[in-house]
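Below is one structure, written out as structure tokens; comments come after it.
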Amino acid sequence: MATTEAHVPEGRTKEPSLYGGGLWSWVTTVDHKRIGILYGATALFFFLVGGLEALLIRYQLASAGNSAISADFYNQLFTMHGTTMVFLAIMPLNVAFFNYIVPLQIGARDVAFPRLNAFSYWLFLFGGLYLNASFIFGGAPDAGWFGYANLTSTRFSPGIRIDFWVIGLQLLGVSSLAGGINFVITILNMRAPGMKLMRMPLFTWMTLVTSFILVIAFPIITVGLVLLMFDRLFGTAFFNPAGGGDVVLWQHFFWLFGHPEVYIMILPAMGIISEVIPTFSRKPLFGYPVVVYSGILIAFLGFGVWAHHMFSVGLGPIADSVFSATTMLIAIPTGVKIFNWIATMWGGSIRIKTSFLFAIGFVAMFIIGGLSGVMHSSAAADLQQTDTYFVVAHIHYVLFGGAMLGIFSGIYYWFPKVTGRMMSEGLGQLQFWFMMIAFNITFFPMHFLGLLGMPRRTFTYQSGLGFEDMNLMATVGAFLLGASVLLFLFNLLRSLRHGAPASADPWGGSTLEWAVPSPPLHCNFPTLPRVEHRDVLWTQPGVAKTLEGSCEGVHMPSPSLWPLILAFGITVLAVGALPPVPLPVVFVGVAIVVVSFYGWALQPVDH
Amino acid sequence: MSEAVGTMDAEYTSTGLPNRKMAMWAFIGSECMLFGSLIINYLINHRRNLQGPYPEELLNIPFITVTTFVLLMSSLMMVLAFTAVERGDMKWGKVWLLMTAVFGLIFLGGQVYEFNHFYHEGLGLSTNLFGASFFILTGFHGAHVAVGVIWLLSLFVLASMGKLTQENALTVEITGLYWHFVDVVWIVLFVLIYLMS
Amino acid sequence: MPPVPRLALSAIAGIRNRTHTTLSARLKSYRQATLTVLGLVLLLTACGQEYPQSTLAPLSDASQEIQDLFVSIFWWAVVVFVVVEGLLIVAVVRFRDRGDGKTPKPVHGHTLMEIGWTLAPAVILVMIAVPTIRSVWILDLPSPDPDALEIEVIGHQWWWEFRYPEQGIVTANELHVPVGRTVSVSLESADVIHSFWFPRAAGKRDVVPGHRNELWFKVDSAGTYPGACAEFCGESHALMLMRLVAEDTQDFEAWVQRMREPSVEPATQLAREGRDVFLGSACIACHTIEGTTAQAAVGPDLTHVGSRRTIAAGVLENTPEEMARWLRAPEAVKPGVLMPNQNLTEEQIEKLVAYLSSLQ
């Protein structure tokens with residue numbers, strides 16, 4: 001990733017390439033920009049892994065009674081597809097943006113806890129590898145990404161597949177929790193002088209809200225996983241009816257986390273398009289405070305809807321009614337955001353760039369996903385829809401059509417800032433249309449499949465039920481979708497080498513990241529900006545000039561190896577916790593953890 | 001150990017609160033959710049027993065009242081430790097840090113004794129759901145106390161080496177936040193597990 | 001190409017074509033797309049034959065209740081879809097950069113509009129919530145019909161046990177019900193969570209170990225309808241199927257009578273030898289055949305297995321060839337199945353098939 005040909009503002013001192021320095025500098029980095037890139041690259045890799053799993057699933061489902069893939073392997077595939085896409089692709093892609101963009105947007109030189117930031121990344125990487133290692137050590141987890149008890153008990157899931165899942169998710173949970181805390185403090189405490197909360201860019205706002213959700217929701221699943229782990233490893237009976245336990249308790253724990261989790265996945269994407277749409281419409285975001293409050297309201301209400309995943313469990317009419325009502329309620333702030341985005345464009349002067357296309361693609365597809373969500377919110381109607389391909393359609397419209405398209409929008413938007421190069425507009429627009437068409441061919445038929453009676457999580461289906469044609473269509477669409485992702489990767493990699501040099505502000509953005517060079521100096525801001533209004537670059541022209549200079553004399557946190565070592569130690573502990581692994585491995589892990597705690601704590605930030 | 005090096009002028013923060021203190025509050029928030037979930041689990045499960053021993057047979061309120069009092073006293077000592085360090089009195093700072101840790105250890109000793117006693121009365125982790133939820137809830141709490149004790153002893157050692165001084169008052173304050181939180185959780189557990197049994 | 005995907009593809013193509021034409025042409029093709037989608041829905045709604053497991057072709061009071069509710073929500077969704085997507089398209093098209101360099105007037109908000117587009121969705125949601133809650137209170141409570149036929153369903157990995165306590169019948173995988181009479185089904189699990197789902201008869205209800213759920217429905221026309229387990233329950237979840245056989249009262253009563261009788265005496269020599277094979281092998285460790293010494297209840301009751309339309313829980317047609325296939329290697333039909341492979345000889349299989357097929 002060369003930076004030397006990037007167009008630079010005048011007066012910029014030559015300094016070493018932002019991304020050079022060799023492998024060791026990347027291994028010990030505590031720089032939020034590098035960590036953002038690490039997150040992004042790793043997450044894209046896992047996105048491809050999850051995509052491959054999806055293609056294998058679709059390949060198997062292309063025809064009725066197909067035996068291309070065994071039932072056992074299929075169950076591993078759909079479990080890992082969900083787990084990978086949620087925890088190893090979408091979430092870390094969001095975090096990649098949090099990392100790179102938020103400090104720049106708030107006028108900070110890094111996050112509050114740079115080493116903790118690096119630790120989050122390494123634990124995410126190791127957790128992802130840990131989870132996927134299961135494929136070669138007896139098989140991947142195969143009880144669904146939601147791991148319902150008591151299928152996940154040792155009686156019905158012997159072996160260590162579920163242990164990989166239970167422990168692997170706890171690793172990822174610690175990583176996410178640390179990240180959540182880090183970004184809450186960063187955003188609340190490290191804003192440039194004058195940047196009041198209601199002057200923050202909307203993406204930063206959504207990062208703050210998402211980080212709060214992370215901090216509150218992850219301990220809940222941690223407890224659920226711990227209880228399941230104790231059931232499996234130590235013979236407790238929390239989710240074992242034979243021992244007095246209740247399998248439904250697991251569902252409550254899981255969805256109390258699981259529903260806020262989906263807002264963790266979508267709010268950042270909503271934040272991204274809340275930047276992209278105003279920029280390319282050349283108008284400020286319509287109803288900024290309302291969009292902010294809607295995000296906050298969604299986060300709150302998101303903790304009150306979890307049992308809409310349990311409408312067929314038999315919770316009773318009171319619970320079903322209440323959760324129908326709260327779920328419908330949450331549609332309101334969501335809809336309000338959509339209207340505000342449209343109103344932003346209205347009366348604007350829209351330039352059609354790839355990033356903007358993905359943003360309106362998000363809105364268009366999310367409307368569909370949101371409407372099928374409203375259909376699910378009716379507990380009675382949901383008795384036909386739940387556990388069918390209708391839900392599969394819904395989740396992919398909101399998670400791919402929503403979150404992923406938002407992420408693609410962000411990648412096209414901020415690629416110039418990160419790399420100092422422009423992505424190809426031609427390839428980008430081609431990719432967009434190709435992806436949109438392929439996406440709809442893949443997932444729109446699933447609405448019908450569900451309503452026509454096809455249950456989900458099935459490795460095959462019978463002929464004579466009318467499912468064949470639509471499944472074949474979905475499979476064709478899925479492979480086309482895969483091709484569109486390859487096209488994206490081609491654009492990305494080619495642009496890294498051959499993209500046209502980017503200026504500091506190729507799009508005419510309004511937020512602070514566009515006031516610094518592309519890519520930024522390693523200290524971000526030689527002098528810190530003074531903020532008077534929202535949309536700083538539009539309301540305070542000339543602010544970019546005040547930020548010129550060099551990083552000489554600015555002390556940045558020093559690199560450190562402790563985050564990686566601690567993450568490694570925790571992973572060793574996790575390996576030791578697997579039943580067949582000898583107990584001493586646990587102690588080795590604990591020892592590494594203890595040593596790295598002290599090493600980290602006693603190492604000065606600036607050494 | 002300044003946390004704001006390089007990121008801004010050393011002490012400037014948007015809210016006026018130091019980063020590390022705010023981080024401890026955020027961490028405590030997540031811990032509330034952790035213990036809250038464990039507590040809910042206990043409340044749901046502690047009476048879903050297919051066999052004994054049952055809570056009323058085993059829970060020894062007088063004994064635990066004493067250990068609870070010890071833990072409460074340790075919080076007082078934590079406050080004394082912080083105020084000592086804050087005013088630069090490292091001699092008493094060390095004393096109070098050590099005393100906090102010792103009282104924490106006494107509390108842990110009481111927990112170990114109680115766990116042992118329960119075990120010999122036939123209540124193991126997998127005996128019934130009371131055992132499972134009780135041991136996990138109080139076990140998690142005990143683990144938090146243990147981590148706190150190690151932390152306090154580490155501060156004591158650092159202070160004895162002259163590496164912890166009045167400049168590090170914030171560190172001691174943050175330690176205190178953690179310790180008080182652990183104490184408050186215990187009060188909740190004491191009420192829910194013991195007093196309301 | 002069959003009608004469904006053709007219509008769907010043309011609907012999608014119609015929507016895609018929009019963005020490259022003028023506004024009026026766009027509106028025209030938009031209308032076209034909407035009509036094809038509507039036509040699609042109507043088509044599907046009518047097609048119980050082509051889609052035997054469809055939720056859109058209700059056959060009972062319970063499934064009709066859901067269908068009515070769903071259709072009303074669907075139309076609200078269509079309205080919202082048309083309005084909002086339409087506004088989006090119009091915004092993107094109408095406010096394109098004219099290249100005149102003019103910066104648009106910054107508009108930061110409009111309180112009245114915010115209130116408006118908060119209240120409007122809220123009102124629509126109330127219109128959805130009220131019938132929803134009404135339906136919830138109907139469907140979640142036991143049937144008010146005191147004359148309901150009670151059936152106990154027990155879900156196993158990966159088959160369905162059906163017990164009729166009043167009639168004293170035990171069978172598996174094929175649920176016979178009388179047309180025009182409410183059936184009240186209780187749901188329990190022998191192992192993990194399953195979900196009982198006959199889409200044309202009722203919404204699904206989970207089968208939860210440690211819990212007892214209830215479901216009711218009154219089928220209004222005779223026929224045989226497929227159903228399935230709808231909660232992931234392990235390796236062969238996809239093959240845990242069942243059949244609903246709705247019969248006129250007379251036929252139902254005849255079926256009940258036949259089911260109450262012990263197993264039919266084998267009429268042929270081959271069938272008799274088959275019975276000997278059966279009673280002399282591990283089959284009796286799991287299966288019951290009334291009137292014989294086989295009285296175990298681990299696997300499905302086989303007393304009248306010959307009369308069922310399918311075997312292996314709805315997966316195989318009940319023909320001699322398929323039955324032989326099943327006996328030869330159950331794990332090849334149903335991965336992970338708990339029925340062990342007995343390594344039967346072809347001769348034994350032939351005899352067993354003759355016997356079991358005779359158990360009408």
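Chain lettering (A, B, ...) mirrors the order of the structure tokens, residue numbering begins at 1 for each chain separately, and ligand numbering begins at 1 in order of display.
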Legend entry - range 205-212 of chain A surroundings by only C-alpha atoms, 8 Å radius, close-in-sequence under 5 positions cut, as a ChimeraX atom specification: /A:98,102,179-181,183-184,187,200,263-264,267-268,270-271,292,295-296,299
Legend entry - Near-Thr83 in chain A list (10 Å; only C-alpha atoms; drop same-chain fewer than 4 positions) as number ranges by chain: A: 50, 77-79, 87-89, 128, 131, 141, 144-146, 165, 169
Show me a table, sorted first by chain and then by increasing residue number, of the residues of chain A having an atom at most 7 Å from chain C, each with its shortest atom pair and the distance in Å to one decimal, counting only C-alpha atoms and written as CSV.
residue,atom,partner,partner_atom,distance
A:Ala71,CA,C:Glu235,CA,5.9
A:Asp72,CA,C:Glu235,CA,5.8
A:Asn150,CA,C:Val192,CA,5.6
A:Leu151,CA,C:Val192,CA,5.6
A:Pro241,CA,C:Gly210,CA,5.4
A:Asp246,CA,C:Gly210,CA,6.9
A:Arg282,CA,C:Pro104,CA,6.6
A:Lys283,CA,C:Pro106,CA,5.3
A:Pro284,CA,C:Pro106,CA,6.0
A:Leu285,CA,C:His108,CA,6.7
A:Phe286,CA,C:His108,CA,4.9
A:Gly287,CA,C:Gly109,CA,4.3
A:Ser312,CA,C:Arg205,CA,4.9
A:Val313,CA,C:Asp206,CA,5.0
A:Gly314,CA,C:Asn213,CA,6.2
A:Gly316,CA,C:Asp140,CA,6.1
A:Pro317,CA,C:Asp140,CA,5.5
A:Ser321,CA,C:Ile133,CA,5.6
A:Ala325,CA,C:Ala129,CA,6.6
A:Met328,CA,C:Leu125,CA,6.4
A:Ile332,CA,C:Pro121,CA,6.3
A:Val336,CA,C:Thr118,CA,6.1
A:Ile342,CA,C:Leu88,CA,5.9
A:Met345,CA,C:Ala91,CA,6.1
A:Trp346,CA,C:Ala91,CA,5.3
A:Gly347,CA,C:Phe95,CA,5.9
A:Gly348,CA,C:Pro104,CA,5.4
A:Ser349,CA,C:Asp97,CA,4.3
A:Ile350,CA,C:Arg96,CA,4.4
A:Arg351,CA,C:Asp97,CA,5.6
A:Ala364,CA,C:Glu85,CA,6.4
A:Leu371,CA,C:Ala77,CA,6.0
A:Met375,CA,C:Ile73,CA,6.5
A:Ser378,CA,C:Thr132,CA,5.6
A:Ala379,CA,C:Val136,CA,6.6
A:Ala380,CA,C:Val136,CA,5.2
A:Ala381,CA,C:Ile66,CA,5.2
A:Leu383,CA,C:Gly203,CA,4.5
A:Gln384,CA,C:Gly203,CA,4.7
A:Asp387,CA,C:Ala230,CA,6.0
A:Leu451,CA,C:Thr55,CA,5.5
A:Leu452,CA,C:Ser54,CA,3.8
A:Gly453,CA,C:Ser54,CA,4.8
A:Pro455,CA,C:Ala230,CA,5.7
A:Arg457,CA,C:Phe232,CA,6.2
A:Thr458,CA,C:Ala238,CA,4.5
A:Phe459,CA,C:Ala238,CA,6.0
A:Thr460,CA,C:Ala238,CA,6.1
A:Tyr461,CA,C:Ala238,CA,6.8
A:Leu465,CA,C:Tyr51,CA,5.2
A:Gly466,CA,C:Tyr51,CA,5.2
A:Asp469,CA,C:Pro5,CA,6.9
A:Met470,CA,C:Pro5,CA,6.5
Compute the set of chain A residues within 9 Å of chain B, using only C-alpha atoms, and express it as a compact mmCIF listing (two decimals) with N, CA and C atoms, in the first residue's frame.
# COMPACT_ATOMS: atom_id res chain seq x y z
N ALA A 108 -9.31 12.85 17.49
CA ALA A 108 -8.40 12.25 18.46
C ALA A 108 -7.22 11.60 17.75
N ARG A 109 -6.17 11.35 18.49
CA ARG A 109 -4.99 10.77 17.86
C ARG A 109 -4.99 9.26 17.94
N ASP A 110 -5.79 8.70 18.82
CA ASP A 110 -5.94 7.25 18.89
C ASP A 110 -7.14 6.98 19.80
N VAL A 111 -7.34 5.72 20.10
CA VAL A 111 -8.44 5.40 21.02
C VAL A 111 -7.94 5.55 22.45
N ALA A 112 -8.86 5.39 23.40
CA ALA A 112 -8.50 5.60 24.80
C ALA A 112 -7.47 4.59 25.27
N PHE A 113 -7.60 3.36 24.83
CA PHE A 113 -6.71 2.30 25.30
C PHE A 113 -6.14 1.54 24.12
N LEU A 177 -16.19 -7.35 24.22
CA LEU A 177 -16.45 -6.56 25.42
C LEU A 177 -15.35 -5.52 25.61
N ALA A 178 -14.10 -5.96 25.46
CA ALA A 178 -12.98 -5.03 25.60
C ALA A 178 -13.11 -3.90 24.58
N ILE A 181 -15.93 -1.41 25.60
CA ILE A 181 -15.50 -0.49 26.66
C ILE A 181 -14.57 0.57 26.08
N ASN A 182 -13.66 0.12 25.24
CA ASN A 182 -12.68 1.04 24.66
C ASN A 182 -13.36 2.16 23.89
N VAL A 184 -16.54 3.17 24.06
CA VAL A 184 -17.37 4.05 24.89
C VAL A 184 -16.50 5.16 25.48
N ILE A 185 -15.36 4.78 26.07
CA ILE A 185 -14.49 5.77 26.69
C ILE A 185 -13.92 6.72 25.65
N THR A 186 -13.48 6.14 24.53
CA THR A 186 -12.89 6.98 23.48
C THR A 186 -13.85 8.07 23.05
N ILE A 187 -15.09 7.67 22.76
CA ILE A 187 -16.03 8.64 22.21
C ILE A 187 -16.49 9.63 23.28
N LEU A 188 -16.69 9.14 24.50
CA LEU A 188 -17.15 10.06 25.54
C LEU A 188 -16.04 11.01 25.99
N ASN A 189 -14.81 10.53 25.94
CA ASN A 189 -13.76 11.26 26.64
C ASN A 189 -12.70 11.91 25.76
N MET A 190 -12.64 11.55 24.48
CA MET A 190 -11.49 12.01 23.72
C MET A 190 -11.88 12.85 22.52
N ARG A 191 -13.02 13.50 22.62
CA ARG A 191 -13.44 14.34 21.52
C ARG A 191 -12.62 15.64 21.53
N ALA A 192 -12.41 16.16 20.33
CA ALA A 192 -11.66 17.42 20.21
C ALA A 192 -12.42 18.54 20.93
N PRO A 193 -11.70 19.56 21.37
CA PRO A 193 -12.39 20.66 22.05
C PRO A 193 -13.51 21.23 21.19
N GLY A 194 -14.67 21.40 21.77
CA GLY A 194 -15.82 21.97 21.05
C GLY A 194 -16.71 20.92 20.42
N MET A 195 -16.24 19.66 20.37
CA MET A 195 -17.10 18.65 19.76
C MET A 195 -18.05 18.10 20.80
N LYS A 196 -19.17 18.81 20.98
CA LYS A 196 -20.18 18.30 21.88
C LYS A 196 -20.79 17.05 21.26
N PHE A 212 -22.20 0.63 23.60
CA PHE A 212 -22.98 0.43 24.82
C PHE A 212 -23.71 -0.90 24.78
N LEU A 214 -22.87 -3.55 23.19
CA LEU A 214 -21.87 -4.60 23.38
C LEU A 214 -21.59 -4.83 24.86
N VAL A 215 -21.39 -3.72 25.59
CA VAL A 215 -21.03 -3.82 27.00
C VAL A 215 -22.15 -4.46 27.81
N ILE A 216 -23.39 -4.16 27.44
CA ILE A 216 -24.53 -4.67 28.21
C ILE A 216 -24.91 -6.08 27.78
N ALA A 217 -24.83 -6.37 26.50
CA ALA A 217 -25.36 -7.65 26.01
C ALA A 217 -24.40 -8.82 26.14
N PHE A 218 -23.10 -8.57 25.95
CA PHE A 218 -22.19 -9.72 25.92
C PHE A 218 -22.10 -10.49 27.23
N PRO A 219 -22.14 -9.82 28.39
CA PRO A 219 -22.09 -10.63 29.62
C PRO A 219 -23.24 -11.63 29.72
N ILE A 220 -24.37 -11.31 29.10
CA ILE A 220 -25.52 -12.22 29.19
C ILE A 220 -25.22 -13.53 28.48
N ILE A 221 -24.69 -13.43 27.25
CA ILE A 221 -24.37 -14.67 26.54
C ILE A 221 -23.20 -15.37 27.21
N THR A 222 -22.29 -14.59 27.81
CA THR A 222 -21.18 -15.21 28.53
C THR A 222 -21.72 -16.12 29.62
N VAL A 223 -22.69 -15.61 30.38
CA VAL A 223 -23.28 -16.43 31.43
C VAL A 223 -23.95 -17.66 30.84
N GLY A 224 -24.73 -17.47 29.78
CA GLY A 224 -25.38 -18.62 29.15
C GLY A 224 -24.37 -19.66 28.72
N LEU A 227 -22.88 -21.47 31.71
CA LEU A 227 -23.80 -22.48 32.24
C LEU A 227 -23.81 -23.72 31.35
N PHE A 230 -20.66 -25.63 31.88
CA PHE A 230 -20.70 -26.42 33.11
C PHE A 230 -21.57 -27.66 32.93
N ASP A 231 -22.67 -27.51 32.20
CA ASP A 231 -23.51 -28.68 31.91
C ASP A 231 -22.68 -29.75 31.20
N PHE A 234 -19.05 -30.39 33.58
CA PHE A 234 -19.07 -30.72 35.00
C PHE A 234 -20.40 -31.32 35.46
N GLY A 235 -21.25 -31.67 34.51
CA GLY A 235 -22.43 -32.43 34.88
C GLY A 235 -23.53 -31.67 35.58
N THR A 236 -23.53 -30.34 35.50
CA THR A 236 -24.68 -29.61 36.05
C THR A 236 -25.86 -29.81 35.10
N ALA A 237 -27.02 -29.33 35.50
CA ALA A 237 -28.22 -29.64 34.72
C ALA A 237 -29.04 -28.40 34.41
N PHE A 238 -28.37 -27.27 34.19
CA PHE A 238 -29.12 -26.04 33.96
C PHE A 238 -30.10 -26.18 32.81
N GLY A 243 -32.35 -33.40 34.82
CA GLY A 243 -31.78 -32.99 36.10
C GLY A 243 -32.55 -31.85 36.73
N GLY A 244 -33.72 -31.55 36.20
CA GLY A 244 -34.53 -30.48 36.77
C GLY A 244 -34.41 -29.16 36.03
N GLY A 245 -33.52 -29.11 35.05
CA GLY A 245 -33.29 -27.86 34.35
C GLY A 245 -34.31 -27.61 33.25
N ASP A 246 -34.19 -26.44 32.61
CA ASP A 246 -35.18 -26.04 31.61
C ASP A 246 -34.46 -25.63 30.33
N LEU A 249 -34.74 -21.95 29.21
CA LEU A 249 -33.88 -20.96 29.86
C LEU A 249 -32.72 -20.58 28.95
N PHE A 253 -31.64 -16.79 27.65
CA PHE A 253 -30.30 -16.22 27.74
C PHE A 253 -29.78 -15.86 26.35
N CYS A 523 0.12 10.36 13.50
CA CYS A 523 -0.46 10.92 14.72
C CYS A 523 -1.83 11.55 14.47
N LEU A 528 -4.63 19.67 17.41
CA LEU A 528 -6.00 19.21 17.51
C LEU A 528 -6.97 20.26 17.00
N VAL A 554 5.14 14.96 18.63
CA VAL A 554 3.91 14.40 19.20
C VAL A 554 4.20 12.99 19.68
N HIS A 555 3.99 12.78 20.96
CA HIS A 555 4.25 11.46 21.52
C HIS A 555 3.05 10.55 21.31
N MET A 556 3.29 9.44 20.65
CA MET A 556 2.22 8.48 20.46
C MET A 556 2.50 7.24 21.31
N PRO A 557 1.47 6.48 21.65
CA PRO A 557 1.71 5.27 22.45
C PRO A 557 2.68 4.35 21.72
N LEU A 602 2.72 -3.20 33.97
CA LEU A 602 3.93 -2.52 34.41
C LEU A 602 4.65 -1.84 33.26
N GLN A 603 4.21 -2.08 32.03
CA GLN A 603 4.84 -1.42 30.89
C GLN A 603 4.21 -0.05 30.72
N PRO A 604 5.05 1.00 30.73
CA PRO A 604 4.47 2.33 30.54
C PRO A 604 3.87 2.45 29.14
N VAL A 605 2.89 3.30 29.00
CA VAL A 605 2.23 3.48 27.71
C VAL A 605 3.23 3.98 26.68
N ASP A 606 4.12 4.86 27.16
CA ASP A 606 5.08 5.48 26.26
C ASP A 606 6.47 5.04 26.68
Inset, instruction - Pick out the residues sitting within 8 Å of Gly176 in chain B, and hand them over as a ChimeraX atom specification; count only C-alpha atoms, and ignore anything fewer than 5 positions along from it in its own chain. - result: /B:75,78-79,82
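Across the structure, CA of His176 in chain C and CA of Leu244 in chain C are spaced 6.0 Å apart.
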Inset, instruction - Identify, on the basis of only C-alpha atoms, every residue whose closest approach to Ile160 in chain A does not exceed 10 Å; exclude the query and any residue fewer than 3 positions from it along the same chain; express the result as a PyMOL selection string. - result: chain A and resi 134+137-141+154+157+163-166+232+578-580
Only N, CA and C atoms, please: the residues just picked out, written as a PDB file, in the first residue's frame.
ATOM      1  N   SER A 134     -11.872 -26.456  14.681  1.00  0.00           N
ATOM      2  CA  SER A 134     -12.735 -27.597  14.961  1.00  0.00           C
ATOM      3  C   SER A 134     -12.941 -28.477  13.741  1.00  0.00           C
ATOM      4  N   PHE A 137     -10.470 -31.054  13.937  1.00  0.00           N
ATOM      5  CA  PHE A 137     -10.328 -31.798  15.179  1.00  0.00           C
ATOM      6  C   PHE A 137     -11.663 -32.424  15.582  1.00  0.00           C
ATOM      7  N   GLY A 138     -12.216 -33.209  14.707  1.00  0.00           N
ATOM      8  CA  GLY A 138     -13.437 -33.928  15.063  1.00  0.00           C
ATOM      9  C   GLY A 138     -14.696 -33.334  14.479  1.00  0.00           C
ATOM     10  N   GLY A 139     -14.569 -32.207  13.825  1.00  0.00           N
ATOM     11  CA  GLY A 139     -15.747 -31.643  13.189  1.00  0.00           C
ATOM     12  C   GLY A 139     -16.145 -30.334  13.818  1.00  0.00           C
ATOM     13  N   ALA A 140     -16.732 -29.482  12.982  1.00  0.00           N
ATOM     14  CA  ALA A 140     -17.125 -28.166  13.441  1.00  0.00           C
ATOM     15  C   ALA A 140     -18.414 -28.267  14.246  1.00  0.00           C
ATOM     16  N   PRO A 141     -18.713 -27.256  15.063  1.00  0.00           N
ATOM     17  CA  PRO A 141     -19.983 -27.229  15.774  1.00  0.00           C
ATOM     18  C   PRO A 141     -21.136 -27.438  14.790  1.00  0.00           C
ATOM     19  N   THR A 154     -24.182 -33.028  26.283  1.00  0.00           N
ATOM     20  CA  THR A 154     -23.246 -34.078  25.906  1.00  0.00           C
ATOM     21  C   THR A 154     -23.989 -35.320  25.453  1.00  0.00           C
ATOM     22  N   SER A 157     -25.016 -34.247  21.831  1.00  0.00           N
ATOM     23  CA  SER A 157     -23.884 -33.766  21.050  1.00  0.00           C
ATOM     24  C   SER A 157     -22.604 -34.238  21.707  1.00  0.00           C
ATOM     25  N   ASP A 163     -18.111 -27.991  22.401  1.00  0.00           N
ATOM     26  CA  ASP A 163     -17.160 -27.347  23.304  1.00  0.00           C
ATOM     27  C   ASP A 163     -16.345 -26.298  22.556  1.00  0.00           C
ATOM     28  N   PHE A 164     -15.963 -26.606  21.318  1.00  0.00           N
ATOM     29  CA  PHE A 164     -15.288 -25.598  20.500  1.00  0.00           C
ATOM     30  C   PHE A 164     -16.151 -24.349  20.381  1.00  0.00           C
ATOM     31  N   TRP A 165     -17.432 -24.573  20.174  1.00  0.00           N
ATOM     32  CA  TRP A 165     -18.355 -23.459  19.990  1.00  0.00           C
ATOM     33  C   TRP A 165     -18.504 -22.652  21.261  1.00  0.00           C
ATOM     34  N   VAL A 166     -18.782 -23.354  22.361  1.00  0.00           N
ATOM     35  CA  VAL A 166     -19.017 -22.684  23.640  1.00  0.00           C
ATOM     36  C   VAL A 166     -17.793 -21.869  24.062  1.00  0.00           C
ATOM     37  N   ARG A 232     -21.902 -29.306  30.206  1.00  0.00           N
ATOM     38  CA  ARG A 232     -21.160 -30.260  29.389  1.00  0.00           C
ATOM     39  C   ARG A 232     -19.941 -30.803  30.107  1.00  0.00           C
ATOM     40  N   LEU A 578     -10.657 -27.761  26.518  1.00  0.00           N
ATOM     41  CA  LEU A 578     -11.309 -28.815  25.741  1.00  0.00           C
ATOM     42  C   LEU A 578     -11.095 -30.146  26.444  1.00  0.00           C
ATOM     43  N   PRO A 579     -12.132 -30.947  26.570  1.00  0.00           N
ATOM     44  CA  PRO A 579     -12.034 -32.176  27.363  1.00  0.00           C
ATOM     45  C   PRO A 579     -10.838 -33.081  27.058  1.00  0.00           C
ATOM     46  N   PRO A 580     -10.520 -33.375  25.780  1.00  0.00           N
ATOM     47  CA  PRO A 580      -9.428 -34.330  25.594  1.00  0.00           C
ATOM     48  C   PRO A 580      -8.035 -33.771  25.869  1.00  0.00           C
TER      49      PRO A 580
END
Legend entry - Residue list (helix (DSSP H, G or I), DSSP) for range 1-123 of chain B, as an MDAnalysis selection string: chainID B and resid 19:45 55:58 61:86 90:120
Legend entry - Counting only C-alpha atoms, the residue of A:Asn440, A:Thr334, A:Ser377, A:Ser25 that sits nearest Trp306 in chain A: A:Ser377
Inset, instruction - Work out how far CA of Phe156 in chain B is from CA of Leu561 in chain A, in Å to one decimal. - result: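 A separation of 26.3 Å between them.
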